[in-house]
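Here's upload.txt, which has compact mmCIF, C-alpha atoms:
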# COMPACT_ATOMS: atom_id res chain seq x y z
CA MET A 34 1.13 5.46 2.49
CA HIS A 35 2.43 9.04 2.41
CA ALA A 36 6.22 9.39 2.46
CA ASP A 37 5.93 11.28 5.74
CA GLN A 38 3.58 8.80 7.34
CA THR A 39 4.47 6.62 10.30
CA PRO A 40 4.15 2.88 9.50
CA MET A 41 0.73 1.48 10.43
CA GLY A 42 -0.39 -1.83 11.78
CA ARG A 43 1.72 -1.96 14.93
CA ALA A 44 0.72 -1.18 18.46
CA ALA A 45 2.51 1.67 20.12
CA PRO A 46 3.52 0.99 23.70
CA GLY A 47 1.87 3.25 26.22
CA GLY A 48 -1.43 4.98 25.68
CA GLY A 49 -2.14 7.09 28.72
CA GLY A 50 -5.57 7.72 30.13
CA GLY A 51 -7.25 11.08 30.40
CA GLY A 52 -7.36 13.94 27.96
CA ARG A 53 -4.57 16.25 29.13
CA THR A 54 -0.99 16.39 27.97
CA ALA A 55 1.62 18.91 29.08
CA VAL A 56 4.88 20.11 27.58
CA LEU A 57 7.23 21.03 30.44
CA GLY A 58 10.30 23.24 30.38
CA SER A 59 11.87 26.45 31.61
CA PRO A 60 11.69 28.92 30.03
CA ILE A 61 8.76 27.34 28.24
CA GLY A 62 7.20 30.15 26.17
CA ARG A 63 5.20 28.61 23.33
CA PRO A 64 7.25 25.64 22.12
CA LEU A 65 6.79 24.46 18.55
CA SER A 66 6.15 20.96 19.90
CA LEU A 67 2.93 22.32 21.42
CA THR A 68 1.71 23.24 17.94
CA LEU A 69 2.60 19.77 16.69
CA HIS A 70 0.79 17.97 19.51
CA ARG A 71 -2.35 20.05 19.12
CA ALA A 72 -2.38 19.55 15.35
CA ALA A 73 -2.03 15.79 15.80
CA TYR A 74 -4.86 15.46 18.31
CA ALA A 75 -7.17 17.69 16.25
CA ALA A 76 -6.54 15.73 13.04
CA MET A 77 -7.02 12.44 14.90
CA GLY A 78 -10.35 13.61 16.28
CA LEU A 79 -9.18 13.24 19.88
CA ASP A 80 -10.66 15.37 22.64
CA ARG A 81 -7.30 16.00 24.23
CA ASN A 82 -5.83 19.24 25.48
CA CYS A 83 -2.11 20.00 25.34
CA GLU A 84 -0.69 22.85 27.39
CA ALA A 85 2.71 24.39 28.01
CA VAL A 86 3.70 24.39 31.68
CA GLU A 87 6.59 26.38 33.12
CA CYS A 88 8.62 23.99 35.27
CA GLY A 89 12.25 24.14 36.29
CA GLU A 90 14.22 21.23 37.68
CA PRO A 91 13.66 22.12 41.39
CA ALA A 92 9.87 22.21 40.92
CA LEU A 93 9.60 18.94 38.99
CA PRO A 94 9.21 16.47 41.91
CA ALA A 95 6.32 18.40 43.47
CA LEU A 96 4.59 18.85 40.11
CA PHE A 97 5.08 15.21 39.23
CA ASP A 98 3.58 14.07 42.53
CA SER A 99 0.51 16.24 41.92
CA LEU A 100 -0.33 14.46 38.68
CA GLY A 101 -2.59 11.43 38.41
CA ASP A 102 -4.63 9.35 36.01
CA GLY A 103 -6.43 12.47 34.85
CA ARG A 104 -3.42 13.33 32.68
CA ALA A 105 -2.27 11.26 29.73
CA GLY A 106 1.37 12.19 30.06
CA LEU A 107 4.17 14.70 29.86
CA CYS A 108 6.72 15.81 27.28
CA LEU A 109 9.90 17.18 28.80
CA ALA A 110 12.71 19.45 27.70
CA VAL A 111 16.30 19.63 28.97
CA PRO A 112 17.24 19.43 31.87
CA LEU A 113 14.00 17.80 32.99
CA LYS A 114 14.71 14.71 30.89
CA ARG A 115 17.38 13.54 33.31
CA ALA A 116 15.66 14.86 36.44
CA VAL A 117 12.49 12.85 35.77
CA LEU A 118 14.24 9.46 35.69
CA PRO A 119 14.10 8.79 39.46
CA LEU A 120 10.46 9.93 39.60
CA VAL A 121 8.89 7.43 37.19
CA ASP A 122 7.87 3.86 38.05
CA GLU A 123 9.39 2.31 34.93
CA VAL A 124 11.97 3.54 32.42
CA SER A 125 12.74 2.14 28.97
CA ASP A 126 16.20 0.78 28.26
CA LEU A 127 16.68 3.45 25.60
CA ALA A 128 15.91 6.29 28.03
CA LEU A 129 18.34 4.83 30.56
CA ASP A 130 21.07 4.46 27.94
CA VAL A 131 20.61 7.97 26.56
CA GLY A 132 20.38 9.39 30.07
CA GLY A 133 16.94 10.97 30.00
CA ALA A 134 13.24 10.51 29.29
CA ASP A 135 11.52 13.07 27.08
CA THR A 136 8.13 11.40 27.38
CA VAL A 137 6.22 10.15 30.44
CA VAL A 138 2.99 8.17 30.09
CA PHE A 139 0.55 7.80 33.01
CA ARG A 140 -1.48 4.60 32.95
CA HIS A 141 -3.38 2.70 35.63
CA GLY A 142 -1.79 4.66 38.43
CA ARG A 143 1.77 4.12 37.18
CA SER A 144 4.22 6.21 35.18
CA PHE A 145 6.43 5.09 32.30
CA GLY A 146 9.39 7.06 30.97
CA ASP A 147 10.63 6.72 27.40
CA HIS A 148 12.77 8.58 24.89
CA ALA A 149 11.28 9.71 21.56
CA GLY A 150 14.11 11.96 20.39
CA VAL A 151 16.18 9.11 18.97
CA HIS A 152 13.26 8.14 16.73
CA GLY A 153 13.12 11.73 15.51
CA ILE A 154 16.74 11.68 14.38
CA THR A 155 16.74 8.22 12.82
CA THR A 156 13.50 8.84 10.91
CA ALA A 157 14.69 12.21 9.60
CA LEU A 158 17.96 10.65 8.40
CA HIS A 159 16.14 7.68 6.84
CA GLN A 160 13.83 9.93 4.89
CA ALA A 161 16.83 11.88 3.57
CA GLY A 162 18.29 8.63 2.23
CA LEU A 163 20.94 8.36 4.96
CA GLU A 164 20.11 4.86 6.12
CA ALA A 165 23.68 3.62 6.56
CA PRO A 166 26.01 6.62 6.73
CA GLY A 167 29.09 4.62 7.72
CA SER A 168 30.80 7.48 9.57
CA ALA A 169 29.63 10.55 11.44
CA VAL A 170 30.79 13.66 13.26
CA VAL A 171 28.59 14.99 16.08
CA LEU A 172 28.95 18.66 16.99
CA GLY A 173 28.27 19.28 20.68
CA GLY A 174 28.41 17.19 23.81
CA GLY A 175 25.12 17.78 25.66
CA ALA A 176 21.87 15.87 25.98
CA ALA A 177 21.02 16.23 22.28
CA ALA A 178 24.40 14.74 21.39
CA CYS A 179 23.57 11.70 23.55
CA SER A 180 20.39 11.20 21.51
CA ALA A 181 22.43 11.56 18.31
CA LEU A 182 24.81 8.82 19.44
CA ALA A 183 21.89 6.46 20.05
CA ALA A 184 20.38 7.28 16.66
CA LEU A 185 23.67 6.80 14.83
CA ARG A 186 24.16 3.48 16.61
CA GLU A 187 20.82 2.34 15.18
CA LEU A 188 22.15 3.29 11.74
CA GLY A 189 25.30 1.26 12.25
CA VAL A 190 27.75 4.00 13.29
CA ARG A 191 29.55 2.66 16.37
CA GLU A 192 32.65 4.86 16.32
CA PRO A 193 31.37 8.41 15.90
CA VAL A 194 33.57 11.47 16.32
CA VAL A 195 32.26 13.98 18.86
CA VAL A 196 33.57 17.54 18.65
CA VAL A 197 33.20 19.87 21.64
CA ARG A 198 34.43 23.24 22.84
CA GLU A 199 35.60 21.98 26.22
CA ARG A 200 36.58 18.37 26.71
CA SER A 201 36.21 18.80 30.46
CA ARG A 202 32.46 19.26 29.97
CA ALA A 203 31.95 16.20 27.78
CA GLY A 204 31.33 13.79 30.63
CA GLU A 205 27.63 13.43 29.79
CA VAL A 206 28.19 12.30 26.23
CA GLU A 207 31.08 10.01 27.21
CA ALA A 208 28.92 8.33 29.85
CA ALA A 209 26.08 7.87 27.36
CA ALA A 210 28.50 6.35 24.84
CA GLY A 211 29.56 3.80 27.43
CA ARG A 212 25.98 2.81 28.17
CA LEU A 213 25.16 2.63 24.46
CA GLY A 214 28.18 0.45 23.71
CA VAL A 215 29.72 2.84 21.20
CA SER A 216 33.29 4.08 21.07
CA VAL A 217 33.49 7.87 20.98
CA ASP A 218 36.48 9.68 19.50
CA LEU A 219 36.40 12.99 21.39
CA HIS A 220 38.06 16.12 19.94
CA HIS A 221 38.15 19.90 20.23
CA PHE A 222 36.71 22.17 17.50
CA ASP A 223 40.24 23.18 16.52
CA ALA A 224 40.69 19.78 14.86
CA LEU A 225 37.44 19.89 12.87
CA ASP A 226 38.97 20.34 9.41
CA ARG A 227 40.96 17.13 9.76
CA LEU A 228 38.10 15.19 11.34
CA LEU A 229 35.70 15.99 8.49
CA ARG A 230 37.78 14.33 5.79
CA GLY A 231 35.76 11.55 4.20
CA VAL A 232 32.97 11.64 6.80
CA SER A 233 29.45 10.73 5.63
CA VAL A 234 27.25 12.87 7.86
CA VAL A 235 27.63 15.75 10.31
CA VAL A 236 25.02 16.03 13.07
CA SER A 237 24.97 19.43 14.74
CA THR A 238 23.35 19.53 18.17
CA LEU A 239 24.61 23.06 18.82
CA PRO A 240 22.22 25.94 19.63
CA ALA A 241 21.15 28.45 17.00
CA ASN A 242 24.10 30.44 15.57
CA ALA A 243 26.68 28.44 17.54
CA ALA A 244 27.67 26.45 14.45
CA ASP A 245 28.00 29.51 12.19
CA PRO A 246 31.83 29.66 12.37
CA LEU A 247 32.00 25.96 11.44
CA ALA A 248 29.83 26.27 8.33
CA PRO A 249 32.64 26.74 5.75
CA ALA A 250 34.58 23.69 6.94
CA VAL A 251 31.50 21.48 7.05
CA ALA A 252 30.31 22.64 3.62
CA HIS A 253 33.77 22.05 2.11
CA SER A 254 33.78 18.47 3.39
CA GLY A 255 30.79 17.49 1.24
CA ALA A 256 29.21 15.57 4.12
CA ALA A 257 25.46 15.42 4.58
CA VAL A 258 24.29 17.69 7.39
CA LEU A 259 21.59 17.34 10.02
CA ASP A 260 21.17 20.58 11.95
CA ALA A 261 18.88 20.14 14.96
CA VAL A 262 17.99 23.85 15.07
CA CYS A 263 14.43 24.51 13.89
CA SER A 264 13.59 27.99 15.22
CA ALA A 265 16.04 30.01 13.08
CA TRP A 266 15.88 28.04 9.85
CA PRO A 267 17.70 27.89 7.57
CA THR A 268 20.84 28.24 9.64
CA ARG A 269 24.13 29.42 8.17
CA LEU A 270 25.36 25.83 8.45
CA ALA A 271 22.40 24.53 6.46
CA LYS A 272 22.74 27.26 3.82
CA ALA A 273 26.44 26.60 3.31
CA ALA A 274 25.96 22.85 3.02
CA GLY A 275 23.04 23.31 0.65
CA PHE A 276 24.97 25.62 -1.67
CA ALA A 277 27.77 23.03 -1.69
CA GLY A 278 25.32 20.44 -2.97
CA SER A 279 25.17 18.37 0.20
CA THR A 280 22.09 16.67 1.61
CA VAL A 281 20.62 18.82 4.39
CA VAL A 282 18.19 17.59 7.05
CA ASP A 283 16.33 20.30 8.94
CA GLY A 284 15.62 20.41 12.65
CA LEU A 285 11.88 20.62 12.05
CA SER A 286 11.92 17.09 10.62
CA VAL A 287 13.69 15.85 13.75
CA LEU A 288 11.20 17.60 16.04
CA LEU A 289 8.27 16.44 13.92
CA HIS A 290 9.15 12.77 14.10
CA ARG A 291 10.05 12.99 17.78
CA THR A 292 6.55 14.35 18.39
CA VAL A 293 5.03 11.62 16.22
CA ARG A 294 6.62 9.05 18.50
CA GLN A 295 5.42 10.94 21.58
CA VAL A 296 1.85 10.97 20.23
CA GLU A 297 2.09 7.22 19.64
CA LEU A 298 3.27 6.67 23.20
CA LEU A 299 0.68 8.99 24.72
CA THR A 300 -2.32 7.67 22.77
CA GLY A 301 -1.44 4.06 21.97
CA LEU A 302 -2.35 4.83 18.35
CA THR A 303 -0.12 4.63 15.30
CA ASP A 304 -2.22 6.43 12.68
CA VAL A 305 -0.48 9.74 13.37
CA PRO A 306 -1.21 12.57 10.86
CA VAL A 307 2.33 13.62 10.03
CA THR A 308 1.40 15.74 7.04
CA ALA A 309 -1.10 17.80 9.05
CA MET A 310 1.46 18.25 11.81
CA ARG A 311 4.14 19.44 9.40
CA ARG A 312 1.73 21.88 7.79
CA ALA A 313 0.73 23.33 11.18
CA ALA A 314 4.38 23.74 12.19
CA ARG A 315 5.26 25.57 8.98
CA VAL A 316 2.30 27.92 9.39
CA GLU A 317 3.40 28.64 12.95
CA LEU A 318 6.99 29.31 11.88
CA VAL A 319 5.82 31.70 9.17
CA ARG A 320 3.61 33.46 11.73
CA ARG A 321 6.53 33.83 14.13
CA ALA A 322 8.84 35.13 11.41
CA ALA A 323 6.26 37.73 10.36
CA ARG A 324 5.76 38.79 13.96
CA GLU A 325 9.51 39.22 14.51
CA ALA A 326 9.72 41.30 11.34
CA GLU A 327 7.06 43.74 12.49
CA PRO A 328 8.48 47.11 13.61
CA ALA A 329 7.86 47.99 17.25
CA VAL A 330 5.39 50.84 17.76
CA SER A 331 5.10 53.11 20.79
CA GLY A 332 2.92 56.19 21.05
CA GLY A 333 2.20 56.00 17.33
CA LYS A 334 5.89 56.14 16.46
CA LEU A 335 8.20 53.47 15.18
CA LEU A 336 10.90 52.45 17.65
Entire entry expressed as structure tokens:
Amino acid sequence: MHADQTPMGRAAPGGGGGGRTAVLGSPIGRPLSLTLHRAAYAAMGLDRNCEAVECGEPALPALFDSLGDGRAGLCLAVPLKRAVLPLVDEVSDLALDVGGADTVVFRHGRSFGDHAGVHGITTALHQAGLEAPGSAVVLGGGAAACSALAALRELGVREPVVVVRERSRAGEVEAAAGRLGVSVDLHHFDALDRLLRGVSVVVSTLPANAADPLAPAVAHSGAAVLDAVCSAWPTRLAKAAGFAGSTVVDGLSVLLHRTVRQVELLTGLTDVPVTAMRRAARVELVRRAAREAEPAVSGGKLL
């Protein structure tokens, strides 16, 4: 079995009917997860379409009600993950604990909500050799941080440190910690240098560039780093940690294995072509980088 491959021989819960899958969000653009889903279905020989659908939180109930057995399921981005919970017929314990469902499967006239993001984090850390980190610092306090807490709990970390800009806005991650049964030590970024001493792994759930000022402190700590950003890779945080000799886990690996779990849930199959998916994502990222590097032209002149 390939090192990237999902274990075989087990049935994945779910397996929606129909041949249509949608990735929902706002703004949606062309999410990298769309490339991953399409690559998976093509390599698996499935006649299944995956489309990106613009959908904000206010429009979600009406859109959800319009769907039926003709669609296999949905993949949702923030803030739709939380908003979809009261709309589905059944929700997994993990999705309830984390506080959101990133995957909805339609089957036999019913809908099932689950959370694949935790699998993405745990698998990426496992493959980097971080199977029992012992201690962890999580940067950020939003929905992605809630997923990180659940993943770290699975790896045995039950007293993670969570570092945020504003403690008053950390209610979401504190609530998730309570549901997950973990004890969160909440701090402001000003205390980061002290908090990093002796820590095994730093998980950054901050947006692109937001962790740049923290890169020197994290790199100096020697901790392994998982940076959830995958669009602007490598980030300054990843570069600094890499030059310091630390283990670095990229956001693409997290997204890849999250999508693998979504494909399992949506198809009921476990033979998911991870290598083909990773290759397709890298080609897409190279294409995007080349496109961004192209000079703008207007009227035959460079702008």
Neighbours of Asp283 of chain A within 12 Å (all atoms listed in the file; same-chain residues fewer than 6 positions away dropped), as a PyMOL selection string?
chain A and resi 153-154+156-158+160-161+236-238+257-268+270-272+274-275+289-290
Would you list the contacts of segment 88-98 of chain A as a ChimeraX atom specification, taking every protein, DNA or RNA residue within 10 Å and counting all atoms listed in the file, but skipping same-chain residues closer than 5 positions in sequence?
/A:56-61,107,109-117,119-121,144
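Atom CA of Leu188 of chain A lies 7.1 Å from atom CA of Pro166 of chain A.
Nearest to Val131 of chain A of all the residues A:Leu229, A:Ala208, A:Leu69, A:Val195 is A:Ala208, counting all atoms listed in the file.
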Pairwise distance for atom CA of Ala309 of chain A and atom CA of Ala72 of chain A, rounded to one decimal in Å:
6.7 Å
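Nearest-residue note for His220 of chain A: choosing from A:Leu79, A:Val319, A:Leu172, A:Leu185, the minimum distance belongs to A:Leu172, counting only C-alpha atoms.
If you count only C-alpha atoms and draw a sphere of 9 Å around (-1.2, 15.6, 9.5), the protein and nucleic acid residues inside it come out as A:Gln38, A:Ala72, A:Ala73, A:Ala76, A:Met77, A:Val305, A:Pro306, A:Val307, A:Thr308, A:Ala309, A:Met310, A:Arg311, A:Arg312, A:Ala313.
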